[in-house]
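One structure is given below, encoded as structure tokens.
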Amino acid sequence: MGNVTLGSTGITVNKNGFGALPIQRISDEDAVHLIRKAYEGGITFFDTARCYTDSEVKLGLALEGIRDKVYIATKTMSVTAEGFWEDLETSLRNLKTDYVDIYQFHNPPFCPKPGDGTGLYEAMLEAKAQGKIRHIGITNHRLAVAEETIQSGLYETLQFPFCYLASDRDIALAEQCRQADMGFIAMKALSGGLITNSRAAYAYLDQFEQVLPIWGVQREKELDEFLSYVTEPPVMTEELKALIENDRKLLQGEFCRGCGYCMPCPAGIEINNCARMSLLIRRSPSAAQLTPEVQEKMARIKECLHCGRCSSRCPYGLDTPALLEKNLKDYEEILEGKAL
């Protein structure tokens with residue numbers, strides 16, 4: 001059984017974490033069923049966030065009675081100490097617990113530090129002193145912020161996008177965490193759905209002993225796939241290596257990862273899906289991307305205000321309006337009969 005220890009936290013879990021963002025989209029009953037099944041199958045690390053609508057509530061319902069047998073990580077997007085405490089107390093109430101194992105600053109545009117004037121890091125320290133959190137973490141999509149976080153020595157875990165599309169700089173980041181005895185939690189391990197072979201995704205990440213991937217789970221068949229890896233972890237084969245190399249040629253570069261930090265759009269464009277439609281339609285059942293509902297969403301791109309808000313918020317520095325136009329042109333050509 002493959003386990004991973006998150007650096008100096010000492011938290012040791014199976015190398016399959018449960019990403020609880022997608023359970024926002026299902027009923028309480030279905031969410032509780034998935035979470036309990038995950039636990040019974042050997043998954044004990046659960047990641048959520050205050051901004052994931054009712055995800056924390058569903059986790060609280062499912063983990064009641066087994067709280068001491070699992071690890072919970074959640075996050076705050078607050079930029080003030082007052083908001084920090086409000087978020088923490090709400091999370092504790094939702095999760096039906098009196099402590100969080102890892103409390104994370106959620107994708108801040110800077111690295112919170114003592115004395116920076118925000119009071120955020122001081123609030124983390126006080127929450128830890130009170131026993132309301134066990135370990136201090138941070139999540140980010142910006143390499144510069146992530147690198148500064150490691151160099152600061154202030155954090156016990158870093159959560160960052162990491163998959164087999166990783167750049168050399170991303171890989172170096174994971175190694176820096178290992179050297180700093182800092183836990184590395186890999187989000188977007190399937191690159192927002194663009195990676196469709198989870199065996200390859202797991203086998204690649206398994207090469208990094210310090211990395212814990214969290215898989216976003218919404219359907220039972222998805223969970224069953226990852227639960228099978230608890231007892232029979234995929235190993236890297238020549239076939240998987242070839243698949244990964246092909247995907248890297250196709251997907252590396254200027255593409256939307258679907259993180260959603262550009263949202264909401266003042267023109268009502270569903271940017272995080274529309275800006276990567278050319279990839280989605282070729283890497284998932286195409287019929288699902290050709291429905292009248294999706295066509296209507298894509299047509300909204302024509303109403304783009306070119307206000308630049310999405311580009312300014314993109315942690316990857318993408319020219320989002322240009323990417324939207326490119327995806328719309330391709331989509332319209334597909335509707336007219338262009339072969340996929």
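In the structure tokens, the first chain shown is A, the next is B, and so on; residue numbers restart at 1 for each chain, and ligands run from 1 in the order shown.
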
Excluding Leu251 (chain A) and residues on its chain fewer than 6 positions from it, collect all residues at most 12 Å away from it, counting only C-alpha atoms, and give them as a PDB file with N, CA and C atoms, in the first residue's frame.
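This is the output file part_39.pdb:
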```pdb
ATOM      1  N   CYS A 163       0.815  17.598 -11.989  1.00  0.00           N
ATOM      2  CA  CYS A 163       0.392  16.402 -12.717  1.00  0.00           C
ATOM      3  C   CYS A 163       1.472  16.089 -13.740  1.00  0.00           C
ATOM      4  N   TYR A 164       1.221  15.163 -14.642  1.00  0.00           N
ATOM      5  CA  TYR A 164       2.281  14.804 -15.581  1.00  0.00           C
ATOM      6  C   TYR A 164       2.477  15.828 -16.707  1.00  0.00           C
ATOM      7  N   LEU A 165       1.755  16.939 -16.629  1.00  0.00           N
ATOM      8  CA  LEU A 165       2.011  18.056 -17.536  1.00  0.00           C
ATOM      9  C   LEU A 165       2.928  19.086 -16.877  1.00  0.00           C
ATOM     10  N   ALA A 166       3.461  18.740 -15.704  1.00  0.00           N
ATOM     11  CA  ALA A 166       4.286  19.668 -14.937  1.00  0.00           C
ATOM     12  C   ALA A 166       5.501  20.144 -15.730  1.00  0.00           C
ATOM     13  N   SER A 167       5.836  21.419 -15.543  1.00  0.00           N
ATOM     14  CA  SER A 167       7.041  21.981 -16.140  1.00  0.00           C
ATOM     15  C   SER A 167       8.245  21.633 -15.262  1.00  0.00           C
ATOM     16  N   LEU A 190      -5.534  15.740 -12.347  1.00  0.00           N
ATOM     17  CA  LEU A 190      -6.056  15.332 -13.658  1.00  0.00           C
ATOM     18  C   LEU A 190      -6.217  16.550 -14.578  1.00  0.00           C
ATOM     19  N   SER A 191      -5.555  17.649 -14.192  1.00  0.00           N
ATOM     20  CA  SER A 191      -5.563  18.885 -14.990  1.00  0.00           C
ATOM     21  C   SER A 191      -6.980  19.326 -15.351  1.00  0.00           C
ATOM     22  N   GLY A 193      -9.665  17.669 -15.677  1.00  0.00           N
ATOM     23  CA  GLY A 193     -10.415  16.777 -16.553  1.00  0.00           C
ATOM     24  C   GLY A 193      -9.774  16.557 -17.910  1.00  0.00           C
ATOM     25  N   LEU A 194      -8.677  17.261 -18.199  1.00  0.00           N
ATOM     26  CA  LEU A 194      -8.016  17.082 -19.492  1.00  0.00           C
ATOM     27  C   LEU A 194      -7.189  15.811 -19.535  1.00  0.00           C
ATOM     28  N   ILE A 195      -6.722  15.365 -18.368  1.00  0.00           N
ATOM     29  CA  ILE A 195      -6.051  14.067 -18.285  1.00  0.00           C
ATOM     30  C   ILE A 195      -7.128  13.019 -18.047  1.00  0.00           C
ATOM     31  N   LEU A 243       1.906   7.144 -23.390  1.00  0.00           N
ATOM     32  CA  LEU A 243       0.675   7.932 -23.288  1.00  0.00           C
ATOM     33  C   LEU A 243       0.968   9.302 -22.700  1.00  0.00           C
ATOM     34  N   ILE A 244       1.770   9.331 -21.640  1.00  0.00           N
ATOM     35  CA  ILE A 244       2.119  10.592 -20.983  1.00  0.00           C
ATOM     36  C   ILE A 244       2.887  11.497 -21.932  1.00  0.00           C
ATOM     37  N   GLU A 245       3.834  10.940 -22.647  1.00  0.00           N
ATOM     38  CA  GLU A 245       4.623  11.734 -23.587  1.00  0.00           C
ATOM     39  C   GLU A 245       3.750  12.325 -24.675  1.00  0.00           C
ATOM     40  N   ARG A 257      -6.524  25.845 -17.523  1.00  0.00           N
ATOM     41  CA  ARG A 257      -6.567  24.711 -16.597  1.00  0.00           C
ATOM     42  C   ARG A 257      -7.930  24.574 -15.921  1.00  0.00           C
ATOM     43  N   ARG A 276     -11.453  26.389 -22.781  1.00  0.00           N
ATOM     44  CA  ARG A 276     -10.718  25.139 -23.054  1.00  0.00           C
ATOM     45  C   ARG A 276     -11.597  24.128 -23.789  1.00  0.00           C
ATOM     46  N   SER A 278     -11.927  23.472 -26.933  1.00  0.00           N
ATOM     47  CA  SER A 278     -11.264  22.717 -27.997  1.00  0.00           C
ATOM     48  C   SER A 278     -10.619  21.447 -27.458  1.00  0.00           C
ATOM     49  N   LEU A 279     -10.117  21.516 -26.229  1.00  0.00           N
ATOM     50  CA  LEU A 279      -9.531  20.338 -25.600  1.00  0.00           C
ATOM     51  C   LEU A 279     -10.608  19.430 -25.023  1.00  0.00           C
ATOM     52  N   LEU A 280     -11.583  20.016 -24.340  1.00  0.00           N
ATOM     53  CA  LEU A 280     -12.642  19.207 -23.724  1.00  0.00           C
ATOM     54  C   LEU A 280     -13.390  18.373 -24.758  1.00  0.00           C
ATOM     55  N   ARG A 282     -12.451  17.170 -27.450  1.00  0.00           N
ATOM     56  CA  ARG A 282     -11.642  16.107 -28.048  1.00  0.00           C
ATOM     57  C   ARG A 282     -11.188  15.073 -27.028  1.00  0.00           C
ATOM     58  N   ARG A 283     -11.305  15.406 -25.735  1.00  0.00           N
ATOM     59  CA  ARG A 283     -10.793  14.511 -24.703  1.00  0.00           C
ATOM     60  C   ARG A 283     -11.895  13.958 -23.797  1.00  0.00           C
TER      61      ARG A 283
END
```

May I have a table of the residues of region 134-160 of chain A lying at most 12 Å from region 77-84 of chain A, giving each one's closest pair of atoms and their distance in Å to one decimal, counting only C-alpha atoms, ordered by chain and ascending residue number, as a Markdown table?
```
| residue | atom | partner | partner_atom | distance |
| --- | --- | --- | --- | --- |
| A:Ile138 | CA | A:Met77 | CA | 10.4 |
| A:Thr139 | CA | A:Met77 | CA | 10.1 |
| A:Asn140 | CA | A:Met77 | CA | 11.1 |
```

Go through region 189-274 of chain A residue by residue and, counting only C-alpha atoms, keep those with an atom at most 10 Å from region 46-58 of chain A; for each kept residue give the shortest atom pair and its distance in Å to one decimal, ordered by chain and increasing number, as a Markdown table.
```
| residue | atom | partner | partner_atom | distance |
| --- | --- | --- | --- | --- |
| A:Ile214 | CA | A:Asp47 | CA | 7.5 |
| A:Trp215 | CA | A:Asp47 | CA | 9.4 |
| A:Gly216 | CA | A:Asp47 | CA | 9.3 |
```

Practice item. Check the smallest atom-to-atom distance from each of A:Asp247, A:Asp170, A:Glu220, A:Glu209 to Thr196 (chain A) using only C-alpha atoms, then report the winner. Key: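 Closest to Thr196 (chain A) of all the choices is A:Asp247.
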
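Nearest residue to Lys297 (chain A) among A:Leu59, A:Cys274, A:Leu240, A:Val211 is A:Cys274, counting only C-alpha atoms.
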
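Residue nearest Met298 (chain A), chosen from A:Arg142, A:Arg313, A:His33, A:Lys329 and counting only C-alpha atoms: A:Lys329.
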
**Study point:** Spatial neighbours of Leu143 (chain A), max dist 12 Å, only C-alpha atoms, sep filter under 5 positions, as JSON, numbers by chain
**Key:** {"A": [107, 108, 109, 110, 111, 148, 149, 150, 158, 159, 160, 161, 162, 166, 167, 168, 169, 170, 171, 172, 173, 174, 315, 316, 317]}

Review point. Could you pull out all residues of region 105-314 of chain A with a DSSP call of helix (DSSP H, G or I) and give them as number ranges by chain?
Key: A: 120-129, 143-152, 168-179, 191-193, 198-205, 220-231, 238-251, 271-274, 277-283, 286-289, 292-303, 309-313

Check your understanding: Near Gly131 (chain A), within 12 Å and counting only C-alpha atoms, which residues show up once chain neighbours fewer than 3 positions away are dropped, as JSON, numbers by chain?
Key -> {"A": [92, 97, 98, 99, 100, 101, 102, 103, 124, 125, 126, 127, 128, 134, 135, 136]}

Practice item. Fewer than 3 positions away in the same chain doesn't count, so skip those; otherwise give me all residues within 12 Å of Leu61 (chain A), counting only C-alpha atoms, as a PyMOL selection string. Key: chain A and resi 27-36+54-58+64-67+93-97

Review point. When you draw a straight line from CA of Met236 (chain A) to CA of Tyr204 (chain A), how long is it in Å?
Key: 6.9 Å

**Study point:** Which residue of A:Asp224, A:Glu270, A:Glu303, A:Glu296 approaches Tyr39 (chain A) most closely, using only C-alpha atoms
**Key:** A:Asp224

Check your understanding: Would you give me, as a PyMOL selection string, the residues in region 35-267 of chain A that DSSP reads as strand (DSSP E or B)?
Key -> chain A and resi 45-47+71-76+100-106+133-139+157-161+182-187+211-216

Could you write out that same residue set with N, CA and C atoms as a compact mmCIF listing (two decimals), in the first residue's frame?
```
# COMPACT_ATOMS: atom_id res chain seq x y z
N PHE A 45 -7.65 11.17 3.94
CA PHE A 45 -7.35 12.60 3.81
C PHE A 45 -8.43 13.26 2.96
N PHE A 46 -9.08 14.27 3.53
CA PHE A 46 -10.19 14.94 2.85
C PHE A 46 -9.91 16.44 2.78
N ASP A 47 -9.97 16.98 1.56
CA ASP A 47 -9.66 18.40 1.33
C ASP A 47 -10.90 19.15 0.87
N TYR A 71 -8.14 12.84 8.43
CA TYR A 71 -7.50 14.16 8.42
C TYR A 71 -8.32 15.08 7.51
N ILE A 72 -8.59 16.28 8.00
CA ILE A 72 -9.38 17.25 7.23
C ILE A 72 -8.54 18.50 6.99
N ALA A 73 -8.50 18.91 5.72
CA ALA A 73 -7.87 20.18 5.35
C ALA A 73 -8.95 21.07 4.76
N THR A 74 -9.00 22.31 5.21
CA THR A 74 -9.91 23.26 4.60
C THR A 74 -9.17 24.59 4.43
N LYS A 75 -9.86 25.60 3.89
CA LYS A 75 -9.17 26.81 3.45
C LYS A 75 -10.01 28.06 3.71
N THR A 76 -9.33 29.19 3.81
CA THR A 76 -9.99 30.49 3.89
C THR A 76 -9.45 31.41 2.80
N VAL A 100 -9.16 21.64 12.90
CA VAL A 100 -8.86 21.29 11.51
C VAL A 100 -7.41 20.83 11.46
N ASP A 101 -7.14 19.75 10.77
CA ASP A 101 -5.77 19.23 10.73
C ASP A 101 -4.84 20.17 9.98
N ILE A 102 -5.27 20.65 8.81
CA ILE A 102 -4.47 21.61 8.05
C ILE A 102 -5.39 22.76 7.64
N TYR A 103 -5.06 23.96 8.08
CA TYR A 103 -5.83 25.14 7.67
C TYR A 103 -4.97 25.92 6.69
N GLN A 104 -5.54 26.24 5.52
CA GLN A 104 -4.76 26.79 4.42
C GLN A 104 -5.27 28.16 3.96
N PHE A 105 -4.36 29.07 3.70
CA PHE A 105 -4.73 30.28 2.98
C PHE A 105 -5.01 29.86 1.54
N HIS A 106 -6.15 30.30 1.02
CA HIS A 106 -6.66 29.80 -0.26
C HIS A 106 -6.26 30.73 -1.41
N ILE A 133 -6.51 24.67 14.97
CA ILE A 133 -5.87 24.10 13.80
C ILE A 133 -4.60 23.38 14.27
N ARG A 134 -4.22 22.35 13.53
CA ARG A 134 -3.02 21.60 13.90
C ARG A 134 -1.80 22.04 13.07
N HIS A 135 -2.03 22.36 11.81
CA HIS A 135 -0.91 22.68 10.92
C HIS A 135 -1.29 23.83 9.98
N ILE A 136 -0.29 24.62 9.61
CA ILE A 136 -0.50 25.82 8.79
C ILE A 136 -0.09 25.53 7.34
N GLY A 137 -1.03 25.75 6.42
CA GLY A 137 -0.75 25.49 5.01
C GLY A 137 -1.18 26.64 4.11
N ILE A 138 -0.87 26.51 2.84
CA ILE A 138 -1.23 27.52 1.86
C ILE A 138 -1.46 26.83 0.52
N THR A 139 -2.37 27.35 -0.28
CA THR A 139 -2.57 26.84 -1.64
C THR A 139 -2.29 27.99 -2.60
N THR A 157 2.66 22.96 4.83
CA THR A 157 2.22 22.31 3.59
C THR A 157 1.99 23.35 2.50
N LEU A 158 2.19 22.91 1.27
CA LEU A 158 1.87 23.70 0.08
C LEU A 158 0.97 22.86 -0.79
N GLN A 159 -0.14 23.45 -1.24
CA GLN A 159 -1.01 22.79 -2.22
C GLN A 159 -0.87 23.55 -3.53
N PHE A 160 -0.54 22.81 -4.60
CA PHE A 160 -0.20 23.44 -5.87
C PHE A 160 -0.60 22.51 -7.01
N PRO A 161 -0.98 23.05 -8.19
CA PRO A 161 -1.30 22.17 -9.32
C PRO A 161 -0.09 21.34 -9.72
N MET A 182 8.56 19.92 3.85
CA MET A 182 7.26 20.57 3.73
C MET A 182 6.34 19.68 2.90
N GLY A 183 5.16 19.42 3.41
CA GLY A 183 4.22 18.58 2.68
C GLY A 183 3.79 19.22 1.38
N PHE A 184 3.66 18.39 0.32
CA PHE A 184 3.24 18.89 -0.99
C PHE A 184 1.95 18.17 -1.37
N ILE A 185 0.86 18.93 -1.47
CA ILE A 185 -0.45 18.39 -1.84
C ILE A 185 -0.73 18.78 -3.28
N ALA A 186 -0.91 17.78 -4.14
CA ALA A 186 -1.08 18.03 -5.57
C ALA A 186 -2.55 18.18 -5.92
N MET A 187 -2.95 19.41 -6.26
CA MET A 187 -4.29 19.60 -6.81
C MET A 187 -4.20 19.56 -8.33
N VAL A 211 4.72 13.68 -2.45
CA VAL A 211 3.54 14.32 -3.04
C VAL A 211 2.27 13.51 -2.76
N LEU A 212 1.25 14.21 -2.26
CA LEU A 212 -0.07 13.60 -2.03
C LEU A 212 -1.06 14.16 -3.05
N PRO A 213 -1.50 13.35 -4.02
CA PRO A 213 -2.53 13.84 -4.95
C PRO A 213 -3.91 13.79 -4.32
N ILE A 214 -4.71 14.82 -4.58
CA ILE A 214 -6.11 14.79 -4.16
C ILE A 214 -6.95 14.74 -5.44
N TRP A 215 -7.81 13.75 -5.50
CA TRP A 215 -8.64 13.53 -6.68
C TRP A 215 -10.04 14.09 -6.44
N GLY A 216 -10.50 14.94 -7.35
CA GLY A 216 -11.86 15.46 -7.24
C GLY A 216 -12.86 14.36 -7.57
```

Review point. What's the 10 Å shell around Lys113 (chain A), counting only C-alpha atoms, without same-chain residues fewer than 5 positions away, as JSON, numbers by chain?
Key: {"A": [118, 119, 120, 121, 122, 149, 152, 154, 155]}

**Study point:** Counting only C-alpha atoms, the residue of A:Glu156, A:Glu332, A:Glu40, A:Glu325 that sits nearest Thr5 (chain A)
**Key:**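 Ranked by minimum distance to Thr5 (chain A), first place goes to A:Glu156.
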
Please provide the set of residues having any atom within 9 Å of Leu223 (chain A), restricted to only C-alpha atoms, with same-chain residues fewer than 4 positions apart removed, written as a tab-separated table (two decimals) with C-alpha atoms, in the first residue's frame.
```tsv
chain	number	residue	atom	x	y	z
A	18	PHE	CA	-10.33	12.93	-1.51
A	34	LEU	CA	-19.22	8.59	-1.35
A	37	LYS	CA	-17.18	4.56	1.05
A	38	ALA	CA	-13.89	6.40	0.52
A	215	TRP	CA	-8.64	13.53	-6.68
A	217	VAL	CA	-14.66	12.92	-6.80
A	218	GLN	CA	-18.31	13.33	-7.77
A	219	ARG	CA	-19.42	9.93	-9.08
A	227	LEU	CA	-10.11	3.01	-4.39
A	228	SER	CA	-8.67	0.25	-6.56
```
